[in-house]
>>> print(open('query32.cif').read())   # mmCIF, C-alpha atoms and all ligand atoms
data_protein
#
loop_
_atom_site.label_atom_id
_atom_site.label_comp_id
_atom_site.auth_asym_id
_atom_site.auth_seq_id
_atom_site.Cartn_x
_atom_site.Cartn_y
_atom_site.Cartn_z
CA MET A 1 116.15 97.37 71.08
CA ALA A 2 114.37 99.25 68.29
CA GLY A 3 111.25 101.32 68.84
CA THR A 4 110.27 104.37 70.83
CA ALA A 5 109.52 104.43 74.51
CA THR A 6 106.08 105.86 75.33
CA GLU A 7 106.22 108.85 77.65
CA VAL A 8 104.87 107.81 81.01
CA GLN A 9 103.52 110.81 82.90
CA ARG A 10 100.91 109.34 85.23
CA LEU A 11 102.01 106.59 87.65
CA THR A 12 100.41 104.81 90.57
CA VAL A 13 102.41 103.36 93.44
CA LEU A 14 100.63 100.54 95.29
CA GLY A 15 102.13 100.48 98.79
CA ALA A 16 103.06 103.42 101.01
CA GLY A 17 105.91 101.79 102.92
CA SER A 18 109.53 102.96 102.89
CA TRP A 19 110.46 102.11 99.32
CA GLY A 20 107.05 102.79 97.78
CA THR A 21 107.06 106.28 99.25
CA ALA A 22 110.71 106.96 98.39
CA PHE A 23 110.22 105.71 94.82
CA ALA A 24 107.11 107.89 94.49
CA LYS A 25 109.31 110.82 95.52
CA VAL A 26 111.85 109.85 92.83
CA LEU A 27 109.05 109.94 90.24
CA GLY A 28 107.62 113.20 91.59
CA ASP A 29 111.08 114.80 91.53
CA ALA A 30 111.33 113.62 87.91
CA GLY A 31 108.21 115.71 87.17
CA ARG A 32 105.71 112.86 87.06
CA ASP A 33 102.15 112.83 88.45
CA VAL A 34 102.01 110.16 91.13
CA THR A 35 99.18 108.65 93.15
CA ILE A 36 100.07 106.43 96.08
CA TRP A 37 97.71 103.78 97.39
CA ALA A 38 98.11 103.35 101.15
CA ARG A 39 96.54 100.52 103.13
CA ARG A 40 95.71 102.82 106.04
CA PRO A 41 93.44 105.82 105.24
CA GLU A 42 95.30 108.00 107.77
CA VAL A 43 98.59 107.39 105.93
CA ALA A 44 96.92 108.33 102.62
CA ALA A 45 95.46 111.48 104.20
CA GLU A 46 98.81 112.55 105.62
CA ILE A 47 100.56 112.09 102.26
CA ARG A 48 97.78 113.91 100.38
CA ASP A 49 97.21 116.79 102.80
CA GLU A 50 100.58 117.28 104.54
CA HIS A 51 103.02 115.81 101.96
CA ARG A 52 104.53 113.52 104.57
CA ASN A 53 104.56 109.84 105.50
CA SER A 54 105.62 109.99 109.12
CA SER A 55 105.10 106.24 109.67
CA TYR A 56 107.85 105.27 107.23
CA LEU A 57 109.89 108.33 106.23
CA PRO A 58 109.65 110.89 109.04
CA ASP A 59 111.13 114.35 108.30
CA ILE A 60 110.91 113.89 104.52
CA GLU A 61 108.83 116.40 102.59
CA LEU A 62 107.17 114.81 99.58
CA PRO A 63 106.74 116.66 96.26
CA SER A 64 103.38 118.35 95.68
CA LYS A 65 103.08 116.20 92.51
CA ILE A 66 102.23 113.27 94.79
CA THR A 67 98.72 112.57 95.97
CA ALA A 68 97.35 109.52 97.82
CA THR A 69 94.24 107.51 98.48
CA ALA A 70 93.26 104.34 100.33
CA ASP A 71 90.91 103.38 97.48
CA PRO A 72 92.74 101.16 94.93
CA ALA A 73 90.22 101.87 92.13
CA GLU A 74 90.71 105.60 92.52
CA ALA A 75 94.50 105.14 92.70
CA LEU A 76 94.66 103.07 89.52
CA ASP A 77 92.32 105.13 87.37
CA GLY A 78 94.25 106.29 84.28
CA ALA A 79 97.64 104.95 85.37
CA GLN A 80 100.16 104.44 82.54
CA ALA A 81 102.46 102.55 84.90
CA VAL A 82 101.71 100.77 88.16
CA VAL A 83 104.48 100.38 90.72
CA LEU A 84 104.07 97.37 93.02
CA ALA A 85 105.62 98.28 96.36
CA VAL A 86 104.43 95.61 98.77
CA PRO A 87 106.36 92.77 100.45
CA SER A 88 107.23 89.81 98.23
CA GLN A 89 105.28 87.29 100.30
CA THR A 90 102.05 89.33 100.12
CA LEU A 91 102.37 90.43 96.49
CA ARG A 92 100.27 87.51 95.17
CA THR A 93 97.36 88.29 97.52
CA ASN A 94 97.63 92.05 97.04
CA LEU A 95 97.77 91.78 93.27
CA SER A 96 94.86 89.33 93.16
CA GLU A 97 92.73 92.00 94.83
CA TRP A 98 93.84 94.66 92.35
CA SER A 99 94.09 92.68 89.12
CA GLY A 100 90.61 93.62 87.84
CA LEU A 101 91.47 97.29 88.32
CA LEU A 102 94.78 97.40 86.46
CA PRO A 103 94.65 99.43 83.22
CA SER A 104 95.36 96.79 80.54
CA GLU A 105 98.19 98.68 78.81
CA ALA A 106 99.94 99.82 81.99
CA ILE A 107 103.58 98.90 82.52
CA LEU A 108 103.87 96.98 85.80
CA VAL A 109 106.92 97.94 87.85
CA SER A 110 108.13 95.55 90.54
CA LEU A 111 110.03 96.89 93.55
CA ALA A 112 109.90 93.75 95.70
CA LYS A 113 113.06 91.75 96.35
CA GLY A 114 112.23 88.17 97.24
CA VAL A 115 111.38 84.66 96.10
CA GLU A 116 107.88 83.41 96.91
CA LEU A 117 107.61 80.68 99.53
CA GLY A 118 105.98 77.50 98.23
CA THR A 119 106.00 78.32 94.51
CA LEU A 120 109.69 79.43 94.50
CA LYS A 121 108.75 82.04 91.90
CA ARG A 122 110.47 85.33 91.27
CA MET A 123 108.30 88.42 91.65
CA SER A 124 107.95 89.05 87.91
CA GLU A 125 106.73 85.47 87.52
CA VAL A 126 104.08 86.03 90.19
CA ILE A 127 103.03 89.29 88.52
CA ALA A 128 102.82 87.71 85.04
CA GLU A 129 100.68 84.90 86.45
CA ILE A 130 98.24 87.03 88.45
CA ALA A 131 97.97 90.06 86.15
CA ARG A 132 98.02 87.84 83.04
CA VAL A 133 100.54 89.92 81.17
CA ASP A 134 103.62 89.05 79.10
CA ASP A 135 106.97 89.46 80.80
CA GLY A 136 107.73 92.37 78.44
CA GLN A 137 105.14 94.44 80.30
CA ILE A 138 106.95 94.03 83.65
CA VAL A 139 109.90 96.18 84.68
CA VAL A 140 111.98 95.10 87.68
CA VAL A 141 113.74 97.73 89.79
CA SER A 142 116.87 96.59 91.63
CA GLY A 143 120.19 97.92 92.92
CA PRO A 144 121.66 99.69 95.97
CA ASN A 145 118.59 101.68 96.96
CA LEU A 146 118.21 102.14 100.69
CA ALA A 147 114.92 104.03 100.84
CA LYS A 148 115.91 106.63 103.42
CA GLU A 149 119.02 107.72 101.51
CA ILE A 150 117.05 108.03 98.27
CA ALA A 151 114.31 109.99 100.04
CA LEU A 152 116.98 112.39 101.31
CA GLY A 153 118.05 112.95 97.71
CA GLN A 154 121.45 111.29 98.10
CA PRO A 155 122.86 110.15 94.74
CA ALA A 156 122.19 106.53 93.77
CA ALA A 157 121.84 104.36 90.69
CA ALA A 158 119.48 101.49 89.95
CA VAL A 159 118.79 98.89 87.30
CA LEU A 160 115.49 98.68 85.43
CA ALA A 161 115.26 95.21 83.95
CA CYS A 162 112.74 94.23 81.32
CA THR A 163 112.74 91.89 78.33
CA ASP A 164 111.13 94.75 76.37
CA HIS A 165 113.76 97.48 76.14
CA ASP A 166 111.20 100.19 75.29
CA ASN A 167 109.30 99.59 78.49
CA ALA A 168 112.50 99.71 80.55
CA LYS A 169 113.36 102.94 78.73
CA ALA A 170 109.92 104.42 79.49
CA ILE A 171 110.41 103.85 83.23
CA GLN A 172 114.00 105.07 82.97
CA GLN A 173 112.75 108.36 81.53
CA ALA A 174 110.01 108.57 84.17
CA SER A 175 112.37 108.06 87.11
CA PHE A 176 115.60 109.79 86.05
CA ASN A 177 116.23 112.92 88.12
CA GLN A 178 119.09 114.92 89.69
CA TYR A 179 119.91 112.27 92.29
CA PHE A 180 118.55 109.01 90.83
CA ARG A 181 120.30 107.43 87.83
CA PRO A 182 118.53 104.35 86.46
CA TYR A 183 120.21 102.04 83.93
CA THR A 184 118.30 99.65 81.69
CA ASN A 185 119.06 95.92 81.50
CA THR A 186 117.34 92.97 79.84
CA ASP A 187 118.48 90.34 82.37
CA VAL A 188 115.35 90.12 84.51
CA VAL A 189 116.34 86.77 86.06
CA GLY A 190 119.76 88.02 87.22
CA CYS A 191 118.46 91.32 88.55
CA GLU A 192 115.67 89.64 90.54
CA LEU A 193 117.93 86.92 91.94
CA GLY A 194 120.54 89.52 92.93
CA GLY A 195 117.93 91.55 94.82
CA ALA A 196 116.46 88.54 96.60
CA CYS A 197 119.72 86.77 97.47
CA LYS A 198 121.52 89.83 98.81
CA ASN A 199 118.91 90.15 101.58
CA VAL A 200 119.93 86.72 102.87
CA ILE A 201 123.63 87.59 102.69
CA ALA A 202 122.90 90.86 104.54
CA LEU A 203 121.33 88.79 107.33
CA SER A 204 124.59 86.85 107.60
CA CYS A 205 126.72 90.02 107.64
CA GLY A 206 124.54 91.54 110.34
CA MET A 207 124.82 88.33 112.30
CA ALA A 208 128.61 88.45 112.05
CA ALA A 209 128.59 92.05 113.30
CA GLY A 210 126.27 91.05 116.15
CA LEU A 211 128.75 88.37 117.15
CA GLY A 212 131.46 91.05 117.33
CA LEU A 213 133.26 89.97 114.16
CA GLY A 214 135.01 92.47 111.93
CA ALA A 215 135.58 93.57 108.34
CA ASN A 216 137.37 90.43 107.17
CA THR A 217 134.41 88.25 108.08
CA VAL A 218 131.92 90.63 106.47
CA ALA A 219 134.01 90.89 103.28
CA THR A 220 134.25 87.10 103.16
CA LEU A 221 130.48 86.74 103.50
CA ILE A 222 129.83 89.37 100.82
CA THR A 223 132.27 87.77 98.39
CA ARG A 224 131.23 84.18 98.99
CA GLY A 225 127.58 85.34 98.99
CA LEU A 226 128.20 86.79 95.55
CA ALA A 227 129.69 83.45 94.45
CA GLU A 228 126.62 81.52 95.58
CA MET A 229 124.10 83.90 94.04
CA ALA A 230 126.07 83.85 90.77
CA ARG A 231 125.99 80.01 90.80
CA LEU A 232 122.21 80.07 91.21
CA GLY A 233 121.92 82.69 88.47
CA ALA A 234 124.06 80.66 86.08
CA LYS A 235 121.80 77.66 86.59
CA LEU A 236 118.71 79.74 85.85
CA GLY A 237 120.12 81.41 82.74
CA ALA A 238 121.08 84.81 84.18
CA ASP A 239 123.86 86.87 82.60
CA PRO A 240 126.95 86.51 84.86
CA LEU A 241 127.76 90.21 84.29
CA THR A 242 124.59 91.20 86.12
CA PHE A 243 126.12 90.02 89.41
CA ALA A 244 129.10 92.34 88.86
CA GLY A 245 126.67 95.24 88.45
CA LEU A 246 124.31 97.31 90.56
CA ALA A 247 121.84 94.47 91.20
CA GLY A 248 124.68 92.20 92.38
CA VAL A 249 127.80 93.67 93.95
CA GLY A 250 126.20 97.12 94.22
CA ASP A 251 123.23 96.00 96.29
CA LEU A 252 125.32 93.53 98.31
CA VAL A 253 127.75 96.24 99.40
CA ALA A 254 125.00 98.71 100.34
CA THR A 255 122.79 96.25 102.18
CA CYS A 256 125.54 94.27 103.89
CA SER A 257 127.29 97.36 105.24
CA SER A 258 124.58 99.89 106.09
CA PRO A 259 122.87 100.10 109.48
CA LEU A 260 119.84 101.37 107.51
CA SER A 261 119.29 97.87 106.07
CA ARG A 262 116.44 96.04 107.79
CA ASN A 263 117.97 92.69 106.82
CA ARG A 264 121.40 93.52 108.20
CA THR A 265 119.84 94.93 111.37
CA PHE A 266 117.72 91.82 111.76
CA GLY A 267 120.78 89.58 111.46
CA GLU A 268 122.67 91.73 113.95
CA ARG A 269 119.91 91.21 116.51
CA LEU A 270 120.10 87.45 116.02
CA GLY A 271 123.88 87.61 116.39
CA GLN A 272 123.44 89.50 119.64
CA GLY A 273 121.36 86.63 120.97
CA GLU A 274 117.79 87.73 120.27
CA THR A 275 115.30 85.08 119.22
CA LEU A 276 113.54 85.23 115.85
CA GLU A 277 110.39 86.43 117.63
CA GLN A 278 112.25 89.20 119.46
CA ALA A 279 113.94 90.36 116.27
CA LEU A 280 110.60 90.28 114.40
CA ALA A 281 108.94 92.32 117.14
CA ALA A 282 111.67 94.97 116.79
CA THR A 283 111.13 95.55 113.05
CA GLY A 284 108.24 97.95 113.67
CA GLY A 285 106.17 96.16 111.05
CA GLN A 286 108.74 96.76 108.29
CA VAL A 287 109.75 93.84 106.15
CA ALA A 288 113.14 92.05 106.37
CA GLU A 289 112.66 89.96 103.24
CA GLY A 290 115.67 87.69 103.78
CA VAL A 291 114.02 86.01 106.77
CA LYS A 292 111.52 84.30 104.49
CA SER A 293 113.54 84.27 101.28
CA CYS A 294 116.35 82.30 102.94
CA THR A 295 113.92 79.38 102.98
CA SER A 296 112.59 79.77 99.42
CA ILE A 297 116.04 80.41 97.92
CA ARG A 298 117.44 77.42 99.80
CA GLU A 299 114.64 75.23 98.43
CA LEU A 300 115.30 76.55 94.94
CA SER A 301 119.01 75.81 95.26
CA LEU A 302 118.32 72.27 96.54
CA SER A 303 115.91 71.59 93.68
CA LEU A 304 118.56 72.71 91.17
CA GLY A 305 121.54 71.08 92.88
CA VAL A 306 123.26 74.44 93.48
CA ASP A 307 125.48 74.76 96.55
CA MET A 308 124.44 77.82 98.64
CA PRO A 309 125.99 77.26 102.07
CA ILE A 310 125.46 80.76 103.52
CA THR A 311 121.80 80.75 102.50
CA ASP A 312 121.44 77.29 104.01
CA ALA A 313 123.05 78.50 107.25
CA MET A 314 120.69 81.49 107.45
CA HIS A 315 117.67 79.23 107.00
CA ARG A 316 118.89 76.96 109.78
CA VAL A 317 119.53 79.88 112.15
CA CYS A 318 116.22 81.61 111.40
CA HIS A 319 113.95 78.58 111.20
CA GLU A 320 115.63 75.57 112.78
CA GLY A 321 116.92 77.19 115.95
CA VAL A 322 120.61 76.71 115.12
CA ASP A 323 122.87 79.00 117.15
CA PRO A 324 124.63 81.65 114.96
CA ARG A 325 128.04 80.67 116.38
CA ARG A 326 127.48 77.04 115.48
CA ALA A 327 126.28 77.97 111.99
CA GLY A 328 129.45 80.03 111.52
CA ALA A 329 131.68 77.21 112.72
CA GLU A 330 129.95 74.77 110.38
CA LEU A 331 130.42 77.12 107.41
CA LEU A 332 134.15 77.33 108.15
CA GLY A 333 134.49 73.58 108.68
CA ARG A 334 133.11 72.45 105.30
CA SER A 335 135.40 70.41 103.10
CA GLN A 336 138.23 72.38 101.48
CA LYS A 337 137.82 73.37 97.84
CA HIS A 338 139.04 75.54 94.97
CA GLU A 339 137.73 79.13 95.05
CA TRP A 340 135.74 78.72 91.85
CA SER A 341 134.62 75.09 92.08
N1 LIG B 1 113.04 99.92 101.97
C1 LIG B 1 114.02 99.85 101.10
O1 LIG B 1 115.06 100.48 101.27
C2 LIG B 1 113.86 99.01 99.86
C3 LIG B 1 114.68 99.28 98.77
C4 LIG B 1 114.59 98.47 97.64
C5 LIG B 1 113.66 97.44 97.59
N2 LIG B 1 112.86 97.22 98.66
C6 LIG B 1 111.89 96.13 98.54
O2 LIG B 1 110.60 96.72 98.33
C7 LIG B 1 109.58 95.88 98.89
C8 LIG B 1 108.72 96.73 99.80
O3 LIG B 1 109.59 97.21 100.81
P1 LIG B 1 109.27 98.45 101.74
O4 LIG B 1 110.56 98.88 102.28
O5 LIG B 1 108.45 99.50 101.07
O6 LIG B 1 108.42 97.69 102.84
P2 LIG B 1 107.64 98.30 104.07
O7 LIG B 1 107.51 97.24 105.07
O8 LIG B 1 108.26 99.59 104.45
O9 LIG B 1 106.19 98.63 103.42
C9 LIG B 1 105.35 97.64 102.88
C10 LIG B 1 104.08 98.28 102.37
O10 LIG B 1 103.23 97.25 101.88
C11 LIG B 1 101.93 97.43 102.45
N3 LIG B 1 101.21 96.15 102.50
C12 LIG B 1 100.15 95.84 101.74
N4 LIG B 1 99.69 94.63 102.04
C13 LIG B 1 100.46 94.16 103.01
C14 LIG B 1 100.44 92.95 103.74
N5 LIG B 1 99.52 92.01 103.54
N6 LIG B 1 101.40 92.79 104.68
C15 LIG B 1 102.35 93.74 104.88
N7 LIG B 1 102.39 94.90 104.22
C16 LIG B 1 101.45 95.11 103.29
C17 LIG B 1 102.21 98.03 103.82
O11 LIG B 1 101.06 98.68 104.31
C18 LIG B 1 103.32 99.00 103.47
O12 LIG B 1 102.76 100.19 102.95
C19 LIG B 1 110.34 94.74 99.61
O13 LIG B 1 110.36 93.61 98.80
C20 LIG B 1 111.75 95.29 99.78
O14 LIG B 1 112.73 94.26 99.79
C21 LIG B 1 112.93 97.98 99.78
O1 LIG B 2 116.46 97.53 104.20
P1 LIG B 2 116.65 96.27 103.39
O2 LIG B 2 117.59 95.31 104.04
O3 LIG B 2 115.33 95.69 102.98
O4 LIG B 2 117.39 96.70 102.03
C1 LIG B 2 116.85 97.73 101.27
C2 LIG B 2 117.28 97.69 99.83
O5 LIG B 2 116.93 96.48 99.21
C3 LIG B 2 118.70 98.06 99.61
O6 LIG B 2 118.97 98.12 98.23
#
>>> encode(input="query32.cif", output="structure tokens")
Amino acid sequence: MAGTATEVQRLTVLGAGSWGTAFAKVLGDAGRDVTIWARRPEVAAEIRDEHRNSSYLPDIELPSKITATADPAEALDGAQAVVLAVPSQTLRTNLSEWSGLLPSEAILVSLAKGVELGTLKRMSEVIAEIARVDDGQIVVVSGPNLAKEIALGQPAAAVLACTDHDNAKAIQQASFNQYFRPYTNTDVVGCELGGACKNVIALSCGMAAGLGLGANTVATLITRGLAEMARLGAKLGADPLTFAGLAGVGDLVATCSSPLSRNRTFGERLGQGETLEQALAATGGQVAEGVKSCTSIRELSLSLGVDMPITDAMHRVCHEGVDPRRAGAELLGRSQKHEWS
């Protein structure tokens, strides 16, 4: 943990969705110069000229420190840190298009919470592969960070995980402000698994709510969800303490209980009887990562021999047409066991 963190003043955020825009605001409110890349030129123009992103964060005024462009080369020019704020399943394609433009020394900051379908890789693994950087150059952001609340300036904390403490510290200094308190951590595996797995558990909690079930059921799903993500983490070398922290319990509680969560809302729609297609159509183009990550995390758990029954149930409801009530009954009817076995 020796060394001095470089001061990061100029950052680029690639992705102008909910979290990319809210995180850019965090950085701007911390006094940093931020350029957002937006896929749609009209979104870039609105951010640059009117300091708003009405598609994703209506009614939020963005700091004047933030500018935007739809040209990735212009966005990345001179960046000391590059924040990747696109969905986990498109990150590989997005990053492949940008990799030749990334400043070689820039710290790469990952906001995405998911496990890639097919490769079963965590986001930092995808970034290291495509950008050809060491893992010490990649900082993972995780924790209870519902974008709208952060954009409103409501107090929240996060974890910045990196194997290189100085790089985590540099992003900590760049993002710390009056309402956003980032902590550093070196457990990248645990922080990424926590962020990806909690989306699947939030689907299940939403589904329970959609079925008219109450707080006991939700608390059971959160707690047993924590147990299954911790089992997966243990198998992959994560620090068990991470799951007791912001990237574990913290994010589970926020995502599984807030109506602002896209994953919880998605699950609620399924619980109310909507089909996958109907629930997808209602997302307004915003990503509910758990819908795809339930499949990749399930495959990962099967390949490692880790029991993840809630994740398995969510995969079967989302992708095998199993009725939520039946999935719930099957979860309850599994063989009896010790709490920690
Ligand atoms: N929204 C939150 O509260 C929040 C908080 C923490 C982490 N996250 C994570 O951050 C990541 C991004 O989430 P978000 O909320 O900003 O998502 P979003 O759906 O609001 O925005 C996604 C952004 O990616 C862009 N994009 C680029 N290429 C794309 C493609 N091929 N397909 C779809 N979109 C593409 C979109 O234009 C959009 O600007 C996710 O992994 C999410 O789990 C979100
Ligand atoms: O809206 P969700 O369900 O993608 O959750 C957002 C964040 O990950 C909460 O920390």
>>> residues_near_point(input="query32.cif", point="(125.8, 93.3, 89.0)", cutoff="10 Å", atoms="all atoms listed in the file", output="MDAnalysis selection string")
chainID A and resid 142:143 159 190:191 194:195 226 230 239:252
>>> residues_near_ligand(input="query32.cif", ligand="ligand LIG 2 (chain B)", cutoff="9 Å", atoms="only C-alpha atoms and all ligand atoms", output="PDB file with C-alpha atoms, in the coordinates of the input")
ATOM      1  CA  SER A  18     109.530 102.960 102.890  1.00  0.00           C
ATOM      2  CA  TRP A  19     110.460 102.110  99.320  1.00  0.00           C
ATOM      3  CA  LEU A 111     110.030  96.890  93.550  1.00  0.00           C
ATOM      4  CA  ALA A 112     109.900  93.750  95.700  1.00  0.00           C
ATOM      5  CA  LYS A 113     113.060  91.750  96.350  1.00  0.00           C
ATOM      6  CA  SER A 142     116.870  96.590  91.630  1.00  0.00           C
ATOM      7  CA  GLY A 143     120.190  97.920  92.920  1.00  0.00           C
ATOM      8  CA  PRO A 144     121.660  99.690  95.970  1.00  0.00           C
ATOM      9  CA  ASN A 145     118.590 101.680  96.960  1.00  0.00           C
ATOM     10  CA  LEU A 146     118.210 102.140 100.690  1.00  0.00           C
ATOM     11  CA  ALA A 147     114.920 104.030 100.840  1.00  0.00           C
ATOM     12  CA  ALA A 158     119.480 101.490  89.950  1.00  0.00           C
ATOM     13  CA  GLY A 195     117.930  91.550  94.820  1.00  0.00           C
ATOM     14  CA  ALA A 196     116.460  88.540  96.600  1.00  0.00           C
ATOM     15  CA  LYS A 198     121.520  89.830  98.810  1.00  0.00           C
ATOM     16  CA  ASN A 199     118.910  90.150 101.580  1.00  0.00           C
ATOM     17  CA  VAL A 200     119.930  86.720 102.870  1.00  0.00           C
ATOM     18  CA  ALA A 202     122.900  90.860 104.540  1.00  0.00           C
ATOM     19  CA  LEU A 203     121.330  88.790 107.330  1.00  0.00           C
ATOM     20  CA  ALA A 247     121.840  94.470  91.200  1.00  0.00           C
ATOM     21  CA  GLY A 250     126.200  97.120  94.220  1.00  0.00           C
ATOM     22  CA  ASP A 251     123.230  96.000  96.290  1.00  0.00           C
ATOM     23  CA  LEU A 252     125.320  93.530  98.310  1.00  0.00           C
ATOM     24  CA  ALA A 254     125.000  98.710 100.340  1.00  0.00           C
ATOM     25  CA  THR A 255     122.790  96.250 102.180  1.00  0.00           C
ATOM     26  CA  CYS A 256     125.540  94.270 103.890  1.00  0.00           C
ATOM     27  CA  SER A 258     124.580  99.890 106.090  1.00  0.00           C
ATOM     28  CA  PRO A 259     122.870 100.100 109.480  1.00  0.00           C
ATOM     29  CA  LEU A 260     119.840 101.370 107.510  1.00  0.00           C
ATOM     30  CA  SER A 261     119.290  97.870 106.070  1.00  0.00           C
ATOM     31  CA  ARG A 262     116.440  96.040 107.790  1.00  0.00           C
ATOM     32  CA  ASN A 263     117.970  92.690 106.820  1.00  0.00           C
ATOM     33  CA  ARG A 264     121.400  93.520 108.200  1.00  0.00           C
ATOM     34  CA  THR A 265     119.840  94.930 111.370  1.00  0.00           C
ATOM     35  CA  PHE A 266     117.720  91.820 111.760  1.00  0.00           C
ATOM     36  CA  GLN A 286     108.740  96.760 108.290  1.00  0.00           C
ATOM     37  CA  VAL A 287     109.750  93.840 106.150  1.00  0.00           C
ATOM     38  CA  ALA A 288     113.140  92.050 106.370  1.00  0.00           C
ATOM     39  CA  GLU A 289     112.660  89.960 103.240  1.00  0.00           C
ATOM     40  CA  GLY A 290     115.670  87.690 103.780  1.00  0.00           C
TER      41      GLY A 290
END
>>> closest_residue(input="query32.cif", among="A:Thr35, A:Ser257, A:Gln80, A:Gln173", to="Thr217 in chain A", atoms="all atoms listed in the file")
A:Ser257
>>> residues_around(input="query32.cif", residues="Lys65 in chain A", least_positions_apart="2", cutoff="12 Å", atoms="all atoms listed in the file", output="MDAnalysis selection string")
chainID A and resid 9:12 24:36 47:49 51 61:63 67:68
>>> atom_distance(input="query32.cif", atom1="atom C14 of ligand LIG 1 (chain B)", atom2="CA of Gln89 in chain A")
8.2 Å
>>> atom_distance(input="query32.cif", atom1="CA of Gly271 in chain A", atom2="CA of Leu211 in chain A")
5.0 Å
>>> axis_aligned_box(input="query32.cif", around="range 152-167 of chain A", padding_each_side="8 Å", output="JSON")
{"center_x": 116.1, "center_y": 102.4, "center_z": 88.3, "size_x": 29.6, "size_y": 37.1, "size_z": 42.0}
>>> closest_residue(input="query32.cif", among="A:Pro103, A:Gly114, A:Pro58, A:Pro182", to="Thr90 in chain A", atoms="only C-alpha atoms")
A:Gly114
>>> residues_near_point(input="query32.cif", point="(98.8, 85.2, 86.8)", cutoff="12 Å", atoms="only C-alpha atoms", output="list in words")
Leu91, Arg92, Thr93, Leu95, Ser96, Ser99, Gly100, Lys121, Met123, Ser124, Glu125, Val126, Ile127, Ala128, Glu129, Ile130, Ala131, Arg132, Val133, Asp134 and Asp135 of chain A
>>> closest_residue(input="query32.cif", among="A:Arg269, A:Lys292, A:Arg316, A:Lys235", to="ligand LIG 1 (chain B)", atoms="all atoms listed in the file")
A:Lys292
>>> atom_distance(input="query32.cif", atom1="atom O13 of ligand LIG 1 (chain B)", atom2="CA of Arg326 in chain A")
29.1 Å
>>> closest_residue(input="query32.cif", among="A:Glu268, A:Leu160, A:Asp312, A:Thr69", to="Ser296 in chain A", atoms="only C-alpha atoms")
A:Asp312
>>> closest_residue(input="query32.cif", among="A:Val8, A:Val291, A:Leu276, A:Val317", to="ligand LIG 1 (chain B)", atoms="all atoms listed in the file")
A:Val291
>>> residues_around(input="query32.cif", residues="Val86 in chain A", least_positions_apart="6", cutoff="8 Å", atoms="only C-alpha atoms", output="list in words")
Leu14, Gly15, Gly17, Gly20, Asn94, Leu111 and Ala112 of chain A
>>> build_atoms(input="query32.cif", residues="range 76-89 of chain A", atoms="N, CA and C atoms", output="short mmCIF file (atom, residue, chain, number, x, y, z; two decimals), in the coordinates of the input")
data_model
loop_
_atom_site.label_atom_id
_atom_site.label_comp_id
_atom_site.auth_asym_id
_atom_site.auth_seq_id
_atom_site.Cartn_x
_atom_site.Cartn_y
_atom_site.Cartn_z
N LEU A 76 94.23 103.67 90.79
CA LEU A 76 94.66 103.07 89.52
C LEU A 76 94.03 103.71 88.29
N ASP A 77 93.03 104.55 88.51
CA ASP A 77 92.32 105.13 87.37
C ASP A 77 93.28 105.95 86.48
N GLY A 78 93.43 105.53 85.24
CA GLY A 78 94.25 106.29 84.28
C GLY A 78 95.75 106.09 84.40
N ALA A 79 96.19 105.13 85.20
CA ALA A 79 97.64 104.95 85.37
C ALA A 79 98.27 104.39 84.09
N GLN A 80 99.40 104.99 83.69
CA GLN A 80 100.16 104.44 82.54
C GLN A 80 101.19 103.42 83.02
N ALA A 81 101.56 103.54 84.29
CA ALA A 81 102.46 102.55 84.90
C ALA A 81 102.03 102.35 86.34
N VAL A 82 102.13 101.12 86.80
CA VAL A 82 101.71 100.77 88.16
C VAL A 82 102.91 100.17 88.89
N VAL A 83 103.30 100.81 89.97
CA VAL A 83 104.48 100.38 90.72
C VAL A 83 104.01 99.53 91.90
N LEU A 84 104.49 98.29 91.96
CA LEU A 84 104.07 97.37 93.02
C LEU A 84 105.09 97.43 94.14
N ALA A 85 104.68 97.98 95.28
CA ALA A 85 105.62 98.28 96.36
C ALA A 85 105.16 97.65 97.67
N VAL A 86 104.85 96.36 97.58
CA VAL A 86 104.43 95.61 98.77
C VAL A 86 105.43 94.48 99.00
N PRO A 87 105.40 93.85 100.19
CA PRO A 87 106.36 92.77 100.45
C PRO A 87 106.18 91.59 99.49
N SER A 88 107.28 90.87 99.24
CA SER A 88 107.23 89.81 98.23
C SER A 88 106.27 88.69 98.62
N GLN A 89 106.15 88.42 99.91
CA GLN A 89 105.28 87.29 100.30
C GLN A 89 103.81 87.66 100.31
#
